[in-house]
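A.B. asks: Attaching a single structure in structure tokens format; questions to follow.
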Amino acid sequence: MKYDFTAIEKKWQKRWMEEKCYAAVNGSDKPKFYGLIEFPYPSGQGLHVGHPRPYTALDIIARKRRMQGYNVLFPIGYDAFGLPTENYAIKNHMHPRTVTETNIKRFTEQLQMLGFSFDWDRVVDTTDPEYYKWTQWIFLKLFEKGLAYKTSMPVNWCTSCKCVLANEEVVNGVCERCGSEVVRREKSQWMLKITEYAQRLIDDLDEVDFIERVKIQQRNWIGRSTGAEVDFTTTTGDVLTVFTTRPDTLFGATYMVMAPEHALIEKWADKLENLDAVREYQAAAARKSDFERTELQKDKTGVRLQGVAAVNPVTSTEIPIFISDYVLASYGTGAIMAVPGHDTRDWEFAKEFGLPIIEVVKGGDVEKEAFTDCATGIMTNSGFLNGLSVDEAKKKITEWLTEKKLGHEKVNYKLRDWVFSRQRYWGEPIPLVYCEKCGWVAIPESELPLRLPDVESYETTDDGESPLSKMTDWVNTTCPHCGGPAKRETDTMPQWAGSSWYYLRYMDPHNPDALVGEDAIKYWHQVDWYNGGMEHTTLHLLYSRFWHKFLYDIGVVPTKEPYMKRTSHGMILGEGGEKMSKSRGNVVNPNDIVDEYGADTLRLYIMFIGDFEKAVPWSSTAVKGCKRFLDRIWNLAENRLEGEEYSKANESEIHKAIKKVGEDIENMKFNTAIATLMSLVNVFYENKPSRGDIKTFLILLSPFAPHIADELWEHQGFEGMANAQPWPAYDESKTVDAEKEIAVQVGGKLKTTVVVPVDADDETVKSIACADEKIRKILTGMEIVKTIVVKNKLINLIIKPKQ
RNA sequence: GCCGGUGUGAUGGAAUUGGUAGACGUGCUUGACUCAAAAUCAAGUGCCCUCGGGCGUGCCGGUUCGAGUCCGGCCACCGGCACCA
């Protein structure tokens, strides 16, 4: 009989679905395992081969856990709000809801075709009002606790999407999504105070098992630095506060720089002798897009504030103040003390403007370049700090500043608050109203979900307001607080909102009374293993950790962290090693592979293709190898075999394989796990397997290629299904052979190999090695000075000529 | 510039963490089957060789009985951050 993968795969997918083989049970007595993959954005292009890589990986792990006796939650859903859907809907005059439904249907078919063991009764869709009801609920709680606030600020404005972007969404000064120019624009926005959680987001990384590069990237993004705030008095009598990580260099501060947007400049306007030049510089800086700002990094520009100066608190010297756009308004205090001797940027600026450079840390040549090494330098020209190391000086000066009330220790973060409004239609409505009398007021919880109204046009208005703003009968409402006239917020939430808590909804997806029921959260706690892309490390992963911590604070969840373990997969590249993209025309559609070879082959190949963590190019010829492997299995097991025990000839190889495949799955070394299975099949071609051999083999194969495993299981007449069998145990003693082939080296160079009994003692190994003819020849006229034996591996003989 | 990572046959990649480099797959060569091709099965496949061996994991050096693996110094490529004081 032919291996008719199309029929077989359909048959088993249907049976798994009917018999609910992969349903998770809330409150089961079994130990629980919650495995999670990042739910997809159901785009119009459908699935491409990149999607199933992480899905298959966690599917293998979930299947193995079930076989190990766990109650497994392995869910799937759709992160369906977002711009591409909305843009497509506008272009084709459709409702985004319709587009979303079509796309979800297509994605579902494609996912089911690949045989993933998702629990299809727990599907969530972020655009479902029953879902976003709880997204809105969380927002109201954030608002209630003062963590959501509205502020007017310069924001990143995408000129093409006509939309505000979070800092995380701006890449190299252009829009992450469409690549268009991003400019600064003053807008009133809802913000979430993620910065209030900055320290906890760093500290709690120590409690979770995330791969190191994820932890490092998150720490870098949050960007904690310790230093001091120092107050400088100015000739106007104002205090100009700066943040510095190098308070030790205070004696070397020869000028100051403020961001062009700094508030004190307005206050000083009538004192500035060169106000026109200052205004002109401010205007030029404001006009620059982020892109231009980064482009013009090299040349330092600025304007000196004539008529105002500052006083260095330790030297009492009067020093000039400049404005320059190399100082950012958004970090620290928006002003710095400039120490050109020991900061590269200050040094460049000082050279440009002919400002004095004083050496306060010995060890470099400050005339040639700034000396920034903190480890070796010794303080000089610094009064009471002279002779101290940089670290000692930092400590001493900070104490001194604190005592004199001129400053204090200070920690700063690069992380900024999360811009949470979008002027678009296809997102969760923000459930607030604005009342002239009461200000911003939350709508009552009983009115949730606040549904998206149908509008005629989804396009952003020309002044950058949300399409919802045109819906006057929706916008005009009454204030829940005073009953007077009020207007609804017309901005919607960003795409990241729905994905910030979806893992909780999976635990209890149909609960109408809570985002997750108490029993459900008590049982599932948190995600045990979460796999996702590195591109989400500073966006989704950080945002959802923040929301989870907030939910922990208000008593909704019992754990501080949402995810115990985080791993990451590499991308699948096009055949030429380039990123797969529609424009390059190198996108591989999984449907084509499934049609030609079947889902089991695709699953195997995607896992066999290379190191799971690294990017790998697709190969359309190498897929065949995995199909051949399945064909060879089919040939072996199609007909009923004999013998329930392991066959003598294969027993040891089977025990080794059970061990290796099990360990490899845990370490996500799927490629070598599959190689082990392939080797075992090669062994079966040498020594015909018994029915018992095949039984274990099919169980091991089942997580990787579940359809063919269940089919052949049935052919052999075994009870039940392969996917529901207990994971086989191995006998350690049977994974070692009675004899070992070991290397024989002379002087560290491999000369030959000999076979010795396993665990043979050094003397035995030596005598066997020396008895080898080749070695005997080499040893003629030589004496052995030293012998190194590594058990079961090698023997190394160090020799010299006989005297 | 800073922070991560990678570099192994024609090719995708293995190598129990210092112990026989190249598992497994693709490709290629040869043979069997076939009228023939495909498919399948079997054998071979790092490079050089005077058949004793010699050389090989980006480059140069070091530690070691022994280095793809550890240390020092370079080079190339990929990812992230980027005037963060």
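Naming scheme: A, B, ... for chains in displayed order of the structure tokens; residues 1 onward per chain; ligands 1 onward as shown.
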Using only C-alpha atoms (C1' of nucleotides), find each residue of chain B with at least one atom at most 7 Å away from an atom of chain A; report its shortest atom-to-atom pair and that distance in Å (one decimal), sort the rows by chain and rising residue number, and return the result as CSV.

C.D. replies:
```
residue,atom,partner,partner_atom,distance
B:G4,C1',A:Arg213,CA,6.6
B:G12,C1',A:Ile609,CA,6.4
B:G13,C1',A:Gly610,CA,6.0
B:G19,C1',A:Lys793,CA,6.6
B:U20,C1',A:Ala743,CA,5.1
B:C24,C1',A:Ala675,CA,4.4
B:G25,C1',A:Gly625,CA,6.0
B:U26,C1',A:Ala622,CA,4.8
B:C65,C1',A:Gly748,CA,6.0
B:G66,C1',A:Gly748,CA,5.1
B:C83,C1',A:Tyr326,CA,4.8
B:C84,C1',A:Lys414,CA,6.0
B:A85,C1',A:Thr244,CA,5.7
```

A.B. asks: Considering only alpha helix (DSSP H) as DSSP defines it on the backbone, what residues of stretch 81-294 of chain A qualify? List them as a PyMOL selection string.

C.D. replies: chain A and resi 83-91+96-113+129-144+198-203+212-222+264-268+275-287+290-294

A.B. asks: As a ChimeraX atom specification, please: all residues of stretch 516-710 of chain A that backbone DSSP puts in strand (DSSP E or B).

C.D. replies: /A:527,529-532,563,565-568,572-573,616-617

A.B. asks: Those same residues, written as a PDB file, in the first residue's frame with C-alpha atoms?

C.D. replies:
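Result saved to part27.pdb:
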```pdb
ATOM      1  CA  VAL A 527       2.958  30.081  31.516  1.00  0.00           C
ATOM      2  CA  TRP A 529       7.286  27.741  28.641  1.00  0.00           C
ATOM      3  CA  TYR A 530       6.872  30.604  26.179  1.00  0.00           C
ATOM      4  CA  ASN A 531       8.595  30.634  22.846  1.00  0.00           C
ATOM      5  CA  GLY A 532       8.629  33.652  20.570  1.00  0.00           C
ATOM      6  CA  TYR A 563       6.261  33.527  31.909  1.00  0.00           C
ATOM      7  CA  LYS A 565      10.684  30.238  30.749  1.00  0.00           C
ATOM      8  CA  ARG A 566      11.276  32.097  27.513  1.00  0.00           C
ATOM      9  CA  THR A 567      13.059  30.713  24.483  1.00  0.00           C
ATOM     10  CA  SER A 568      13.454  32.102  21.014  1.00  0.00           C
ATOM     11  CA  ILE A 572      13.533  30.881   8.257  1.00  0.00           C
ATOM     12  CA  LEU A 573      15.171  32.712   5.370  1.00  0.00           C
ATOM     13  CA  VAL A 616      18.430  29.122   8.458  1.00  0.00           C
ATOM     14  CA  PRO A 617      17.832  29.296   4.727  1.00  0.00           C
TER      15      PRO A 617
END
```

A.B. asks: Taking only C-alpha atoms (C1' of nucleotides) into account, name the residue in A:Asp59, A:Asp631, A:Glu447, A:Glu261 that is nearest to B:A39.

C.D. replies: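 Distance minimum relative to B:A39 lands on A:Asp631.
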
A.B. asks: Set the distance at 10 Å and use only C-alpha atoms (C1' of nucleotides): which residues neighbour A:Gly44 once local chain neighbours fewer than 6 positions away are removed? I'd like the list as number ranges by chain.

C.D. replies: A: 84-85, 88, 99-100, 102-104, 106-107

A.B. asks: Could you list, as a count of residues only, every residue within 9 Å of stretch 40-46 of chain B, counting only C-alpha atoms (C1' of nucleotides) and ignoring same-chain residues fewer than 6 positions away?

C.D. replies: 9

A.B. asks: Would you pick out the contacts of A:Tyr646 at 12 Å or less, using only C-alpha atoms (C1' of nucleotides), so that residues sharing its chain but fewer than 2 positions from it are not included, and give the list as a PDB file with N, CA and C atoms, in the first residue's frame?

C.D. replies:
```
ATOM      1  N   LEU A 641       4.372  -6.702  12.173  1.00  0.00           N
ATOM      2  CA  LEU A 641       5.659  -7.324  12.499  1.00  0.00           C
ATOM      3  C   LEU A 641       5.466  -8.345  13.616  1.00  0.00           C
ATOM      4  N   GLU A 642       6.526  -9.100  13.885  1.00  0.00           N
ATOM      5  CA  GLU A 642       6.464 -10.164  14.894  1.00  0.00           C
ATOM      6  C   GLU A 642       7.321  -9.823  16.096  1.00  0.00           C
ATOM      7  N   GLY A 643       6.912 -10.324  17.262  1.00  0.00           N
ATOM      8  CA  GLY A 643       7.764 -10.232  18.458  1.00  0.00           C
ATOM      9  C   GLY A 643       7.486  -9.021  19.293  1.00  0.00           C
ATOM     10  N   GLU A 644       6.965  -9.222  20.511  1.00  0.00           N
ATOM     11  CA  GLU A 644       6.578  -8.088  21.362  1.00  0.00           C
ATOM     12  C   GLU A 644       7.777  -7.469  22.075  1.00  0.00           C
ATOM     13  N   LYS A 648      17.013  -8.454  20.023  1.00  0.00           N
ATOM     14  CA  LYS A 648      18.376  -8.424  20.597  1.00  0.00           C
ATOM     15  C   LYS A 648      19.265  -7.433  19.869  1.00  0.00           C
ATOM     16  N   ALA A 649      19.204  -7.490  18.548  1.00  0.00           N
ATOM     17  CA  ALA A 649      20.125  -6.703  17.736  1.00  0.00           C
ATOM     18  C   ALA A 649      19.872  -5.199  17.862  1.00  0.00           C
ATOM     19  N   ASN A 650      18.632  -4.827  18.136  1.00  0.00           N
ATOM     20  CA  ASN A 650      18.295  -3.397  18.140  1.00  0.00           C
ATOM     21  C   ASN A 650      18.130  -2.798  19.532  1.00  0.00           C
ATOM     22  N   GLU A 651      18.068  -3.669  20.536  1.00  0.00           N
ATOM     23  CA  GLU A 651      17.727  -3.226  21.878  1.00  0.00           C
ATOM     24  C   GLU A 651      18.552  -2.034  22.364  1.00  0.00           C
ATOM     25  N   SER A 652      19.863  -2.169  22.270  1.00  0.00           N
ATOM     26  CA  SER A 652      20.735  -1.126  22.782  1.00  0.00           C
ATOM     27  C   SER A 652      20.518   0.195  22.033  1.00  0.00           C
ATOM     28  N   GLU A 653      20.370   0.116  20.721  1.00  0.00           N
ATOM     29  CA  GLU A 653      20.149   1.334  19.931  1.00  0.00           C
ATOM     30  C   GLU A 653      18.835   2.008  20.308  1.00  0.00           C
ATOM     31  N   ILE A 654      17.839   1.205  20.634  1.00  0.00           N
ATOM     32  CA  ILE A 654      16.545   1.782  21.020  1.00  0.00           C
ATOM     33  C   ILE A 654      16.668   2.515  22.358  1.00  0.00           C
ATOM     34  N   HIS A 655      17.312   1.890  23.323  1.00  0.00           N
ATOM     35  CA  HIS A 655      17.494   2.566  24.614  1.00  0.00           C
ATOM     36  C   HIS A 655      18.270   3.875  24.454  1.00  0.00           C
ATOM     37  N   PHE A 684      17.374  -0.243  11.636  1.00  0.00           N
ATOM     38  CA  PHE A 684      16.271  -1.179  11.368  1.00  0.00           C
ATOM     39  C   PHE A 684      16.379  -1.788   9.961  1.00  0.00           C
ATOM     40  N   ASN A 687      18.976  -4.575  10.715  1.00  0.00           N
ATOM     41  CA  ASN A 687      18.400  -5.651  11.520  1.00  0.00           C
ATOM     42  C   ASN A 687      16.902  -5.460  11.573  1.00  0.00           C
ATOM     43  N   LYS A 688      16.185  -6.343  10.969  1.00  0.00           N
ATOM     44  CA  LYS A 688      14.736  -6.202  10.902  1.00  0.00           C
ATOM     45  C   LYS A 688      14.131  -5.997  12.295  1.00  0.00           C
ATOM     46  N   PRO A 689      13.326  -4.938  12.449  1.00  0.00           N
ATOM     47  CA  PRO A 689      12.788  -4.661  13.779  1.00  0.00           C
ATOM     48  C   PRO A 689      11.656  -5.614  14.163  1.00  0.00           C
ATOM     49  N   SER A 690      11.507  -5.836  15.456  1.00  0.00           N
ATOM     50  CA  SER A 690      10.367  -6.593  15.969  1.00  0.00           C
ATOM     51  C   SER A 690       9.177  -5.645  16.106  1.00  0.00           C
ATOM     52  N   ARG A 691       8.017  -6.183  16.423  1.00  0.00           N
ATOM     53  CA  ARG A 691       6.838  -5.367  16.641  1.00  0.00           C
ATOM     54  C   ARG A 691       7.069  -4.461  17.862  1.00  0.00           C
ATOM     55  N   GLY A 692       7.800  -4.999  18.848  1.00  0.00           N
ATOM     56  CA  GLY A 692       8.149  -4.213  20.041  1.00  0.00           C
ATOM     57  C   GLY A 692       9.084  -3.055  19.703  1.00  0.00           C
ATOM     58  N   ASP A 693      10.029  -3.297  18.806  1.00  0.00           N
ATOM     59  CA  ASP A 693      10.946  -2.217  18.381  1.00  0.00           C
ATOM     60  C   ASP A 693      10.156  -1.076  17.764  1.00  0.00           C
ATOM     61  N   ILE A 694       9.259  -1.438  16.856  1.00  0.00           N
ATOM     62  CA  ILE A 694       8.495  -0.443  16.120  1.00  0.00           C
ATOM     63  C   ILE A 694       7.553   0.312  17.051  1.00  0.00           C
ATOM     64  N   LYS A 695       7.029  -0.398  18.028  1.00  0.00           N
ATOM     65  CA  LYS A 695       6.102   0.235  18.973  1.00  0.00           C
ATOM     66  C   LYS A 695       6.761   1.443  19.642  1.00  0.00           C
ATOM     67  N   THR A 696       7.933   1.205  20.186  1.00  0.00           N
ATOM     68  CA  THR A 696       8.650   2.303  20.844  1.00  0.00           C
ATOM     69  C   THR A 696       9.039   3.378  19.835  1.00  0.00           C
ATOM     70  N   PHE A 697       9.476   2.940  18.685  1.00  0.00           N
ATOM     71  CA  PHE A 697       9.878   3.908  17.668  1.00  0.00           C
ATOM     72  C   PHE A 697       8.715   4.836  17.302  1.00  0.00           C
ATOM     73  N   TYR A 730      13.932   4.417  29.444  1.00  0.00           N
ATOM     74  CA  TYR A 730      15.102   3.678  28.953  1.00  0.00           C
ATOM     75  C   TYR A 730      15.869   3.130  30.146  1.00  0.00           C
ATOM     76  N   LYS A 734      21.503  -0.318  29.509  1.00  0.00           N
ATOM     77  CA  LYS A 734      21.432  -0.828  28.138  1.00  0.00           C
ATOM     78  C   LYS A 734      21.812   0.209  27.092  1.00  0.00           C
TER      79      LYS A 734
END
```

A.B. asks: Would you list the contacts of A:Thr559 as a count of residues only, taking every protein, DNA or RNA residue within 10 Å and counting only C-alpha atoms (C1' of nucleotides), but skipping same-chain residues closer than 5 positions in sequence?

C.D. replies: 10

A.B. asks: What is the distance between atom CA of A:Lys368 and atom CA of A:Ala350, in Å to one decimal?

C.D. replies: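 Pair atom CA of A:Lys368 / atom CA of A:Ala350 returns 12.3 Å.
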
A.B. asks: I'd like the contact shell of B:G58 - 9 Å cut-off, only C-alpha atoms (C1' of nucleotides), skipping same-chain residues fewer than 4 positions apart - returned as a PDB file with C-alpha atoms (C1' of nucleotides), in the first residue's frame.

C.D. replies:
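This is the output file part_28.pdb:
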```
ATOM      1  C1'   G B   7      32.534  31.831  11.390  1.00  0.00           C
ATOM      2  C1'   C B  75      39.572  39.939  10.453  1.00  0.00           C
ATOM      3  C1'   A B  76      34.700  39.198   8.372  1.00  0.00           C
TER       4        A B  76
END
```

A.B. asks: Can you tell me how far atom CA of A:Pro509 sits from atom CA of A:Val124, in Å to one decimal?

C.D. replies: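 Atom CA of A:Val124 lies 6.9 Å from atom CA of A:Pro509.
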